[in-house]
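Student: Take a look at this one; I'll ask things after.
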Amino acid sequence: MLLKDQKFVSKKIRNFAKGQSCSIRIPGVCSGNPEQTVWCHASGGGMGAKQSDECGAFGCYPCHSVIDGHTKSDFSPMEVELFFWHGHAESLKTLRQNKLITLGA
């Protein structure tokens with residue numbers, strides 16, 4: 001986990017997320033509406049705190065609400081985490097393809 005002073009924040013990533021397809025796609029929850037998509041952060045930031053933007057994924061409002069624990073789903077917390085981290089990997093690939101992030105050698 002990153003220390004508070006090492007938190008990575010990217011307005012470019014957060015703005016790019018708007019209009020993207022949800023990559024979390026929780027079955028029976030996901031709206032599939034890109035107009036509702038934002039950059040969702042992994043759980044674990046604590047009450048009122050967000051994780052670094054490195055720990056994010058494209059998520060529609062309903063999926064984001066489940067990830068944040070505001071809405072219940074039929075899935076266990078571990079299954080919800082797996083949906084998030086799968087979406088995270090897919091989102092990073094999209095960010096790299098669109099040159100918002102790079103991988104150094």
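Residues are referred to by chain and number: the chain letter is A, B, ... according to the order shown in the structure tokens, the number counts from 1 in that chain, and ligands are numbered separately from 1 in the order shown.
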Name the residues of chain A that fall into strand (DSSP E or B) according to DSSP on the backbone, using the chain letters and numbers of this document, as a PyMOL selection string.
Tutor: chain A and resi 38-41+56-59
Student: Find the spatial neighbours of Ile67 in chain A, counting only C-alpha atoms, within a cut-off of 12 Å - ignore same-chain residues fewer than 3 positions away - and output them as a PDB file with N, CA and C atoms, in the first residue's frame.
Tutor:
ATOM      1  N   ILE A  24     -15.744  -3.626 -14.705  1.00  0.00           N
ATOM      2  CA  ILE A  24     -15.976  -4.467 -13.525  1.00  0.00           C
ATOM      3  C   ILE A  24     -17.080  -5.484 -13.811  1.00  0.00           C
ATOM      4  N   ARG A  25     -18.150  -5.033 -14.413  1.00  0.00           N
ATOM      5  CA  ARG A  25     -19.239  -5.878 -14.923  1.00  0.00           C
ATOM      6  C   ARG A  25     -19.744  -6.947 -13.940  1.00  0.00           C
ATOM      7  N   ILE A  26     -20.226  -6.539 -12.798  1.00  0.00           N
ATOM      8  CA  ILE A  26     -20.792  -7.486 -11.838  1.00  0.00           C
ATOM      9  C   ILE A  26     -22.132  -7.977 -12.381  1.00  0.00           C
ATOM     10  N   VAL A  29     -25.823  -6.613 -11.762  1.00  0.00           N
ATOM     11  CA  VAL A  29     -25.633  -5.296 -11.152  1.00  0.00           C
ATOM     12  C   VAL A  29     -25.287  -4.265 -12.220  1.00  0.00           C
ATOM     13  N   CYS A  30     -24.361  -4.586 -13.105  1.00  0.00           N
ATOM     14  CA  CYS A  30     -23.816  -3.649 -14.085  1.00  0.00           C
ATOM     15  C   CYS A  30     -24.907  -3.067 -14.976  1.00  0.00           C
ATOM     16  N   TRP A  39     -13.868   6.480 -12.670  1.00  0.00           N
ATOM     17  CA  TRP A  39     -12.695   5.745 -12.216  1.00  0.00           C
ATOM     18  C   TRP A  39     -12.957   5.315 -10.771  1.00  0.00           C
ATOM     19  N   CYS A  40     -13.198   4.029 -10.576  1.00  0.00           N
ATOM     20  CA  CYS A  40     -13.505   3.474  -9.251  1.00  0.00           C
ATOM     21  C   CYS A  40     -12.215   3.006  -8.587  1.00  0.00           C
ATOM     22  N   HIS A  41     -12.130   3.225  -7.293  1.00  0.00           N
ATOM     23  CA  HIS A  41     -10.941   2.830  -6.537  1.00  0.00           C
ATOM     24  C   HIS A  41     -11.178   1.541  -5.765  1.00  0.00           C
ATOM     25  N   ALA A  42     -10.111   0.794  -5.571  1.00  0.00           N
ATOM     26  CA  ALA A  42     -10.177  -0.433  -4.788  1.00  0.00           C
ATOM     27  C   ALA A  42     -10.607  -0.114  -3.371  1.00  0.00           C
ATOM     28  N   SER A  43     -11.258  -1.063  -2.732  1.00  0.00           N
ATOM     29  CA  SER A  43     -11.626  -0.872  -1.334  1.00  0.00           C
ATOM     30  C   SER A  43     -10.360  -0.915  -0.480  1.00  0.00           C
ATOM     31  N   GLY A  44     -10.455  -0.388   0.720  1.00  0.00           N
ATOM     32  CA  GLY A  44      -9.304  -0.423   1.618  1.00  0.00           C
ATOM     33  C   GLY A  44      -8.695   0.924   1.894  1.00  0.00           C
ATOM     34  N   GLY A  45      -9.262   1.979   1.358  1.00  0.00           N
ATOM     35  CA  GLY A  45      -8.732   3.308   1.607  1.00  0.00           C
ATOM     36  C   GLY A  45      -9.157   3.869   2.957  1.00  0.00           C
ATOM     37  N   GLY A  56      -7.324   1.405  -9.553  1.00  0.00           N
ATOM     38  CA  GLY A  56      -8.652   1.746 -10.016  1.00  0.00           C
ATOM     39  C   GLY A  56      -9.096   0.940 -11.212  1.00  0.00           C
ATOM     40  N   ALA A  57     -10.355   1.145 -11.583  1.00  0.00           N
ATOM     41  CA  ALA A  57     -10.951   0.464 -12.736  1.00  0.00           C
ATOM     42  C   ALA A  57     -12.118   1.299 -13.241  1.00  0.00           C
ATOM     43  N   PHE A  58     -12.457   1.129 -14.526  1.00  0.00           N
ATOM     44  CA  PHE A  58     -13.635   1.766 -15.084  1.00  0.00           C
ATOM     45  C   PHE A  58     -14.863   1.073 -14.499  1.00  0.00           C
ATOM     46  N   GLY A  59     -15.743   1.829 -13.849  1.00  0.00           N
ATOM     47  CA  GLY A  59     -16.932   1.218 -13.257  1.00  0.00           C
ATOM     48  C   GLY A  59     -18.159   2.080 -13.406  1.00  0.00           C
ATOM     49  N   CYS A  60     -19.279   1.446 -13.783  1.00  0.00           N
ATOM     50  CA  CYS A  60     -20.557   2.152 -13.848  1.00  0.00           C
ATOM     51  C   CYS A  60     -21.030   2.427 -12.423  1.00  0.00           C
ATOM     52  N   TYR A  61     -22.013   3.284 -12.286  1.00  0.00           N
ATOM     53  CA  TYR A  61     -22.501   3.665 -10.961  1.00  0.00           C
ATOM     54  C   TYR A  61     -22.934   2.456 -10.124  1.00  0.00           C
ATOM     55  N   PRO A  62     -23.739   1.509 -10.663  1.00  0.00           N
ATOM     56  CA  PRO A  62     -24.157   0.372  -9.837  1.00  0.00           C
ATOM     57  C   PRO A  62     -22.978  -0.504  -9.379  1.00  0.00           C
ATOM     58  N   CYS A  63     -22.032  -0.786 -10.267  1.00  0.00           N
ATOM     59  CA  CYS A  63     -20.859  -1.583  -9.876  1.00  0.00           C
ATOM     60  C   CYS A  63     -20.020  -0.830  -8.849  1.00  0.00           C
ATOM     61  N   HIS A  64     -19.840   0.463  -9.059  1.00  0.00           N
ATOM     62  CA  HIS A  64     -19.083   1.302  -8.134  1.00  0.00           C
ATOM     63  C   HIS A  64     -19.722   1.265  -6.744  1.00  0.00           C
ATOM     64  N   HIS A  70     -21.824   0.332  -0.645  1.00  0.00           N
ATOM     65  CA  HIS A  70     -23.071   1.069  -0.419  1.00  0.00           C
ATOM     66  C   HIS A  70     -24.293   0.258  -0.835  1.00  0.00           C
ATOM     67  N   THR A  71     -24.083  -0.702  -1.750  1.00  0.00           N
ATOM     68  CA  THR A  71     -25.155  -1.554  -2.249  1.00  0.00           C
ATOM     69  C   THR A  71     -24.726  -3.005  -2.099  1.00  0.00           C
ATOM     70  N   LYS A  72     -25.645  -3.846  -1.667  1.00  0.00           N
ATOM     71  CA  LYS A  72     -25.367  -5.279  -1.519  1.00  0.00           C
ATOM     72  C   LYS A  72     -25.579  -5.975  -2.856  1.00  0.00           C
ATOM     73  N   SER A  73     -24.872  -7.086  -3.032  1.00  0.00           N
ATOM     74  CA  SER A  73     -25.072  -7.912  -4.223  1.00  0.00           C
ATOM     75  C   SER A  73     -25.204  -9.362  -3.770  1.00  0.00           C
ATOM     76  N   PHE A  75     -23.160 -11.577  -4.442  1.00  0.00           N
ATOM     77  CA  PHE A  75     -21.816 -12.148  -4.447  1.00  0.00           C
ATOM     78  C   PHE A  75     -21.109 -11.911  -3.109  1.00  0.00           C
ATOM     79  N   SER A  76     -20.198 -12.805  -2.790  1.00  0.00           N
ATOM     80  CA  SER A  76     -19.419 -12.669  -1.567  1.00  0.00           C
ATOM     81  C   SER A  76     -18.437 -11.503  -1.730  1.00  0.00           C
ATOM     82  N   PRO A  77     -17.927 -10.972  -0.627  1.00  0.00           N
ATOM     83  CA  PRO A  77     -16.929  -9.909  -0.736  1.00  0.00           C
ATOM     84  C   PRO A  77     -15.720 -10.327  -1.582  1.00  0.00           C
ATOM     85  N   MET A  78     -15.305 -11.585  -1.484  1.00  0.00           N
ATOM     86  CA  MET A  78     -14.170 -12.044  -2.289  1.00  0.00           C
ATOM     87  C   MET A  78     -14.511 -12.047  -3.773  1.00  0.00           C
ATOM     88  N   GLU A  79     -15.723 -12.458  -4.110  1.00  0.00           N
ATOM     89  CA  GLU A  79     -16.131 -12.449  -5.517  1.00  0.00           C
ATOM     90  C   GLU A  79     -16.189 -11.017  -6.055  1.00  0.00           C
ATOM     91  N   VAL A  80     -16.693 -10.096  -5.245  1.00  0.00           N
ATOM     92  CA  VAL A  80     -16.740  -8.684  -5.648  1.00  0.00           C
ATOM     93  C   VAL A  80     -15.326  -8.177  -5.893  1.00  0.00           C
ATOM     94  N   GLU A  81     -14.390  -8.526  -5.011  1.00  0.00           N
ATOM     95  CA  GLU A  81     -12.985  -8.144  -5.193  1.00  0.00           C
ATOM     96  C   GLU A  81     -12.436  -8.701  -6.509  1.00  0.00           C
ATOM     97  N   LEU A  82     -12.773  -9.944  -6.810  1.00  0.00           N
ATOM     98  CA  LEU A  82     -12.292 -10.545  -8.065  1.00  0.00           C
ATOM     99  C   LEU A  82     -12.842  -9.812  -9.282  1.00  0.00           C
ATOM    100  N   PHE A  83     -14.116  -9.425  -9.246  1.00  0.00           N
ATOM    101  CA  PHE A  83     -14.685  -8.631 -10.352  1.00  0.00           C
ATOM    102  C   PHE A  83     -13.913  -7.318 -10.493  1.00  0.00           C
ATOM    103  N   PHE A  84     -13.628  -6.683  -9.335  1.00  0.00           N
ATOM    104  CA  PHE A  84     -12.895  -5.417  -9.382  1.00  0.00           C
ATOM    105  C   PHE A  84     -11.511  -5.603  -9.998  1.00  0.00           C
ATOM    106  N   TRP A  85     -10.744  -6.578  -9.511  1.00  0.00           N
ATOM    107  CA  TRP A  85      -9.357  -6.728  -9.980  1.00  0.00           C
ATOM    108  C   TRP A  85      -9.289  -7.188 -11.433  1.00  0.00           C
ATOM    109  N   GLY A  87     -11.475  -6.133 -13.625  1.00  0.00           N
ATOM    110  CA  GLY A  87     -11.736  -4.843 -14.277  1.00  0.00           C
ATOM    111  C   GLY A  87     -10.518  -3.936 -14.228  1.00  0.00           C
TER     112      GLY A  87
END
Student: Taking into account only C-alpha atoms, which residue in the set A:His86, A:Glu35, A:Ile13, A:Phe8 is nearest to Lys99 in chain A?
Tutor: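 Between A:His86, A:Glu35, A:Ile13, A:Phe8, the residue approaching Lys99 in chain A most closely is A:Ile13.
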Student: List every residue of range 50-101 of chain A that DSSP, applied to the backbone of this structure, places in helix (DSSP H, G or I), and write the result as JSON, numbers by chain.
Tutor: {"A": [61, 62, 63, 64, 65, 66, 67, 77, 78, 79, 80, 81, 82, 83, 84, 85, 86, 87, 88, 89, 90, 91, 92, 93, 94, 95, 96, 97]}
Student: Just the selected residues (N, CA and C atoms), exported as a compact mmCIF listing (two decimals), in the first residue's frame, please.
Tutor:
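Saved to selection.txt:
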# COMPACT_ATOMS: atom_id res chain seq x y z
N TYR A 61 -22.01 3.28 -12.29
CA TYR A 61 -22.50 3.66 -10.96
C TYR A 61 -22.93 2.46 -10.12
N PRO A 62 -23.74 1.51 -10.66
CA PRO A 62 -24.16 0.37 -9.84
C PRO A 62 -22.98 -0.50 -9.38
N CYS A 63 -22.03 -0.79 -10.27
CA CYS A 63 -20.86 -1.58 -9.88
C CYS A 63 -20.02 -0.83 -8.85
N HIS A 64 -19.84 0.46 -9.06
CA HIS A 64 -19.08 1.30 -8.13
C HIS A 64 -19.72 1.26 -6.74
N SER A 65 -21.03 1.32 -6.70
CA SER A 65 -21.75 1.30 -5.43
C SER A 65 -21.53 -0.02 -4.68
N VAL A 66 -21.47 -1.13 -5.40
CA VAL A 66 -21.18 -2.43 -4.77
C VAL A 66 -19.74 -2.46 -4.28
N ILE A 67 -18.80 -2.01 -5.11
CA ILE A 67 -17.38 -1.99 -4.72
C ILE A 67 -17.19 -1.16 -3.46
N PRO A 77 -17.93 -10.97 -0.63
CA PRO A 77 -16.93 -9.91 -0.74
C PRO A 77 -15.72 -10.33 -1.58
N MET A 78 -15.30 -11.59 -1.48
CA MET A 78 -14.17 -12.04 -2.29
C MET A 78 -14.51 -12.05 -3.77
N GLU A 79 -15.72 -12.46 -4.11
CA GLU A 79 -16.13 -12.45 -5.52
C GLU A 79 -16.19 -11.02 -6.05
N VAL A 80 -16.69 -10.10 -5.24
CA VAL A 80 -16.74 -8.68 -5.65
C VAL A 80 -15.33 -8.18 -5.89
N GLU A 81 -14.39 -8.53 -5.01
CA GLU A 81 -12.99 -8.14 -5.19
C GLU A 81 -12.44 -8.70 -6.51
N LEU A 82 -12.77 -9.94 -6.81
CA LEU A 82 -12.29 -10.54 -8.06
C LEU A 82 -12.84 -9.81 -9.28
N PHE A 83 -14.12 -9.43 -9.25
CA PHE A 83 -14.68 -8.63 -10.35
C PHE A 83 -13.91 -7.32 -10.49
N PHE A 84 -13.63 -6.68 -9.33
CA PHE A 84 -12.89 -5.42 -9.38
C PHE A 84 -11.51 -5.60 -10.00
N TRP A 85 -10.74 -6.58 -9.51
CA TRP A 85 -9.36 -6.73 -9.98
C TRP A 85 -9.29 -7.19 -11.43
N HIS A 86 -10.27 -7.93 -11.89
CA HIS A 86 -10.33 -8.26 -13.32
C HIS A 86 -10.55 -6.97 -14.11
N GLY A 87 -11.48 -6.13 -13.62
CA GLY A 87 -11.74 -4.84 -14.28
C GLY A 87 -10.52 -3.94 -14.23
N HIS A 88 -9.78 -4.00 -13.13
CA HIS A 88 -8.55 -3.21 -12.99
C HIS A 88 -7.56 -3.57 -14.10
N ALA A 89 -7.32 -4.87 -14.29
CA ALA A 89 -6.38 -5.31 -15.32
C ALA A 89 -6.84 -4.87 -16.71
N GLU A 90 -8.12 -5.01 -16.98
CA GLU A 90 -8.67 -4.60 -18.28
C GLU A 90 -8.54 -3.08 -18.47
N SER A 91 -8.80 -2.33 -17.40
CA SER A 91 -8.71 -0.88 -17.46
C SER A 91 -7.27 -0.42 -17.71
N LEU A 92 -6.32 -1.05 -17.03
CA LEU A 92 -4.91 -0.70 -17.25
C LEU A 92 -4.49 -0.94 -18.70
N LYS A 93 -4.98 -2.02 -19.27
CA LYS A 93 -4.66 -2.31 -20.67
C LYS A 93 -5.20 -1.20 -21.58
N THR A 94 -6.43 -0.76 -21.32
CA THR A 94 -7.02 0.33 -22.10
C THR A 94 -6.25 1.63 -21.91
N LEU A 95 -5.86 1.93 -20.67
CA LEU A 95 -5.07 3.14 -20.41
C LEU A 95 -3.73 3.09 -21.14
N ARG A 96 -3.08 1.93 -21.14
CA ARG A 96 -1.79 1.79 -21.83
C ARG A 96 -1.97 1.95 -23.34
N GLN A 97 -3.02 1.32 -23.90
CA GLN A 97 -3.28 1.43 -25.34
C GLN A 97 -3.55 2.87 -25.76
Student: Give me, please, the distance in Å between CA of Gly19 in chain A and CA of Gly32 in chain A, quoted to one decimal.
Tutor: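 Rounded to one decimal, the two atoms are 10.8 Å apart.
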Student: Kindly give the distance, in Å, that separates CA of Lys12 in chain A and CA of Ser31 in chain A, rounded to a single decimal.
Tutor: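 Rounded to one decimal, the two atoms are 23.9 Å apart.
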Student: Write out as a count of residues only which residues come within 7 Å of Ser52 in chain A when counting only C-alpha atoms, dropping same-chain ones fewer than 3 positions away.
Tutor: 4
